[in-house]
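For reference, data13.cif (mmCIF, C-alpha atoms):
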data_coords
loop_
_atom_site.label_atom_id
_atom_site.label_comp_id
_atom_site.auth_asym_id
_atom_site.auth_seq_id
_atom_site.Cartn_x
_atom_site.Cartn_y
_atom_site.Cartn_z
CA MET A 1097 71.98 54.93 60.13
CA ASP A 1098 71.80 53.33 56.74
CA GLY A 1099 75.52 52.49 56.44
CA ARG A 1100 76.36 55.52 54.32
CA ALA A 1101 78.67 58.22 55.63
CA ARG A 1102 77.10 61.64 56.08
CA THR A 1103 78.57 65.11 56.27
CA GLY A 1104 77.26 68.60 56.12
CA LEU A 1105 76.56 71.81 57.93
CA TYR A 1106 74.24 71.54 60.89
CA ASP A 1107 72.68 74.33 62.92
CA ALA A 1108 73.52 73.13 66.41
CA GLY A 1109 71.03 75.54 67.99
CA HIS A 1110 67.92 74.18 66.27
CA GLU A 1111 67.49 70.46 66.74
CA GLU A 1112 63.92 69.35 66.19
CA GLU A 1113 62.15 66.05 66.67
CA GLY A 1114 62.03 64.06 63.46
CA SER A 1115 65.14 65.65 61.98
CA ASP A 1116 68.46 63.93 61.34
CA LEU A 1117 70.05 66.22 63.92
CA VAL A 1118 68.38 64.73 66.98
CA GLY A 1119 70.78 62.28 68.57
CA LEU A 1120 73.54 63.01 66.04
CA LYS A 1121 76.80 61.80 67.52
CA LYS A 1122 80.42 62.59 66.88
CA PRO A 1123 83.30 60.12 67.41
CA ARG A 1124 83.38 58.35 70.77
CA GLY A 1125 79.59 58.71 71.13
CA LYS A 1126 79.58 62.23 72.58
CA ARG A 1127 76.58 64.32 71.64
CA LEU A 1128 77.14 67.70 70.04
CA ARG A 1129 76.70 70.45 72.59
CA LEU A 1130 77.53 74.07 71.97
CA ARG A 1131 76.96 77.01 74.28
CA LYS A 1132 76.44 79.56 71.52
CA ARG A 1133 74.40 79.03 68.39
CA ARG A 1134 76.69 78.60 65.42
CA TRP A 1135 77.14 76.45 62.34
CA ILE A 1136 79.53 73.52 62.54
CA ARG A 1137 80.90 71.10 59.96
CA ILE A 1138 81.03 67.43 60.82
CA ALA A 1139 83.59 65.46 58.84
CA MET A 1140 82.59 61.95 57.87
CA TYR A 1141 84.69 59.34 56.15
CA GLN A 1142 83.97 56.64 53.60
CA VAL A 1143 86.08 53.56 54.37
CA THR A 1144 86.35 50.86 51.73
CA VAL A 1145 88.15 47.52 51.65
CA ASP A 1146 89.02 45.82 48.39
CA ARG A 1147 88.06 42.26 49.33
CA ASP A 1148 90.15 40.82 46.48
CA LYS A 1149 93.31 42.41 47.93
CA CYS A 1150 92.53 41.87 51.64
CA ASP A 1151 94.61 39.10 53.24
CA GLY A 1152 92.38 38.95 56.34
CA LYS A 1153 95.25 39.08 58.85
CA GLY A 1154 93.57 41.90 60.78
CA GLU A 1155 96.31 44.52 61.09
CA CYS A 1156 93.63 47.16 60.53
CA VAL A 1157 91.43 45.67 63.26
CA ASP A 1158 94.29 45.80 65.76
CA THR A 1159 95.43 49.31 64.79
CA CYS A 1160 92.20 51.29 64.37
CA PRO A 1161 91.60 53.49 67.46
CA ALA A 1162 87.88 53.78 66.65
CA ASN A 1163 87.20 50.04 66.15
CA VAL A 1164 85.89 50.56 62.64
CA PHE A 1165 86.86 47.09 61.36
CA GLU A 1166 85.89 43.48 62.07
CA ILE A 1167 87.02 40.30 60.36
CA GLN A 1168 84.03 38.70 58.64
CA GLU A 1169 84.30 35.60 56.45
CA GLY A 1170 88.10 35.87 56.56
CA LYS A 1171 88.21 39.47 55.28
CA SER A 1172 88.29 42.89 56.92
CA GLU A 1173 84.96 44.71 56.88
CA PRO A 1174 84.33 48.36 57.93
CA VAL A 1175 81.34 47.86 60.25
CA ASN A 1176 81.51 51.09 62.30
CA MET A 1177 82.27 53.59 59.56
CA ASP A 1178 80.47 56.40 61.41
CA GLU A 1179 83.15 56.22 64.11
CA CYS A 1180 86.09 56.72 61.69
CA LEU A 1181 88.43 59.51 62.80
CA GLY A 1182 90.14 59.83 59.42
CA CYS A 1183 93.60 59.11 60.88
CA GLU A 1184 94.34 56.55 58.12
CA SER A 1185 96.34 54.32 60.46
CA CYS A 1186 94.56 51.37 58.83
CA VAL A 1187 95.80 52.45 55.39
CA GLU A 1188 99.38 52.64 56.67
CA VAL A 1189 99.40 49.16 58.26
CA CYS A 1190 97.61 47.30 55.47
CA PRO A 1191 100.34 45.30 53.72
CA THR A 1192 98.25 44.75 50.57
CA GLY A 1193 96.92 48.32 50.12
CA ALA A 1194 93.33 47.11 50.28
CA ILE A 1195 91.97 49.99 52.40
CA THR A 1196 91.02 53.50 51.29
CA VAL A 1197 89.69 56.32 53.46
CA LYS A 1198 88.01 59.28 51.80
CA GLU A 1199 86.37 62.32 53.39
CA VAL A 1200 82.83 62.78 52.10
#

Is it possible to give me this structure as structure tokens?
Amino acid sequence: MDGRARTGLYDAGHEEEGSDLVGLKKPRGKRLRLRKRRWIRIAMYQVTVDRDKCDGKGECVDTCPANVFEIQEGKSEPVNMDECLGCESCVEVCPTGAITVKEV
């Protein structure tokens, strides 16, 4: 992926080689598998950290169940944004309010 969060409606019954649907994963790395052909919506989240506000103590790293964050150069960085569950536990534990999570 190119680092940008994606969302949309995908026809789970028609995955073709060369399309973005082949190998598309949902949280925890499980591939989408449906018995009946139907349209599904995959929620994706845009996670941002205001580096000026971030204190780099890593509360978000320790709290995030999806391991979205890493400490890089003394600041929190969302490195696995595609794995974000949208629970906003990182937002709640951040003492400086540096983290925002937005569904896209």

- [ ] Report as a PyMOL selection string the residues that result from applying the PyMOL selection byres ((chain A and resi 1186) around 10) to the structure here.
- [x] chain A and resi 1143+1154-1161+1164-1165+1182-1185+1187-1191+1193-1197

Could you write out the selected residues, including C-alpha atoms, as a PDB file, in the frame of the given file?
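After the write, part_37.pdb holds the following:
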ATOM      1  CA  VAL A1143      86.080  53.560  54.370  1.00  0.00           C
ATOM      2  CA  GLY A1154      93.570  41.900  60.780  1.00  0.00           C
ATOM      3  CA  GLU A1155      96.310  44.520  61.090  1.00  0.00           C
ATOM      4  CA  CYS A1156      93.630  47.160  60.530  1.00  0.00           C
ATOM      5  CA  VAL A1157      91.430  45.670  63.260  1.00  0.00           C
ATOM      6  CA  ASP A1158      94.290  45.800  65.760  1.00  0.00           C
ATOM      7  CA  THR A1159      95.430  49.310  64.790  1.00  0.00           C
ATOM      8  CA  CYS A1160      92.200  51.290  64.370  1.00  0.00           C
ATOM      9  CA  PRO A1161      91.600  53.490  67.460  1.00  0.00           C
ATOM     10  CA  VAL A1164      85.890  50.560  62.640  1.00  0.00           C
ATOM     11  CA  PHE A1165      86.860  47.090  61.360  1.00  0.00           C
ATOM     12  CA  GLY A1182      90.140  59.830  59.420  1.00  0.00           C
ATOM     13  CA  CYS A1183      93.600  59.110  60.880  1.00  0.00           C
ATOM     14  CA  GLU A1184      94.340  56.550  58.120  1.00  0.00           C
ATOM     15  CA  SER A1185      96.340  54.320  60.460  1.00  0.00           C
ATOM     16  CA  VAL A1187      95.800  52.450  55.390  1.00  0.00           C
ATOM     17  CA  GLU A1188      99.380  52.640  56.670  1.00  0.00           C
ATOM     18  CA  VAL A1189      99.400  49.160  58.260  1.00  0.00           C
ATOM     19  CA  CYS A1190      97.610  47.300  55.470  1.00  0.00           C
ATOM     20  CA  PRO A1191     100.340  45.300  53.720  1.00  0.00           C
ATOM     21  CA  GLY A1193      96.920  48.320  50.120  1.00  0.00           C
ATOM     22  CA  ALA A1194      93.330  47.110  50.280  1.00  0.00           C
ATOM     23  CA  ILE A1195      91.970  49.990  52.400  1.00  0.00           C
ATOM     24  CA  THR A1196      91.020  53.500  51.290  1.00  0.00           C
ATOM     25  CA  VAL A1197      89.690  56.320  53.460  1.00  0.00           C
TER      26      VAL A1197
END

Task: Top pick for closest residue to Glu1179 in chain A, considering A:Asp1146, A:Asp1151, A:Asn1163, A:Val1200 and counting only C-alpha atoms - done: A:Asn1163

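Proximity of A:Cys1180, A:Lys1171, A:Glu1166, A:Thr1192 to Gln1142 in chain A, computed with all atoms listed in the file, is greatest for A:Cys1180.
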
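CA of Leu1181 in chain A is found 6.9 Å from CA of Ala1162 in chain A.
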
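As for CA of Glu1199 in chain A and CA of Lys1149 in chain A, they are spaced 21.8 Å apart.
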
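Interatomic distance, CA of Thr1144 in chain A against CA of Val1175 in chain A: 10.3 Å.
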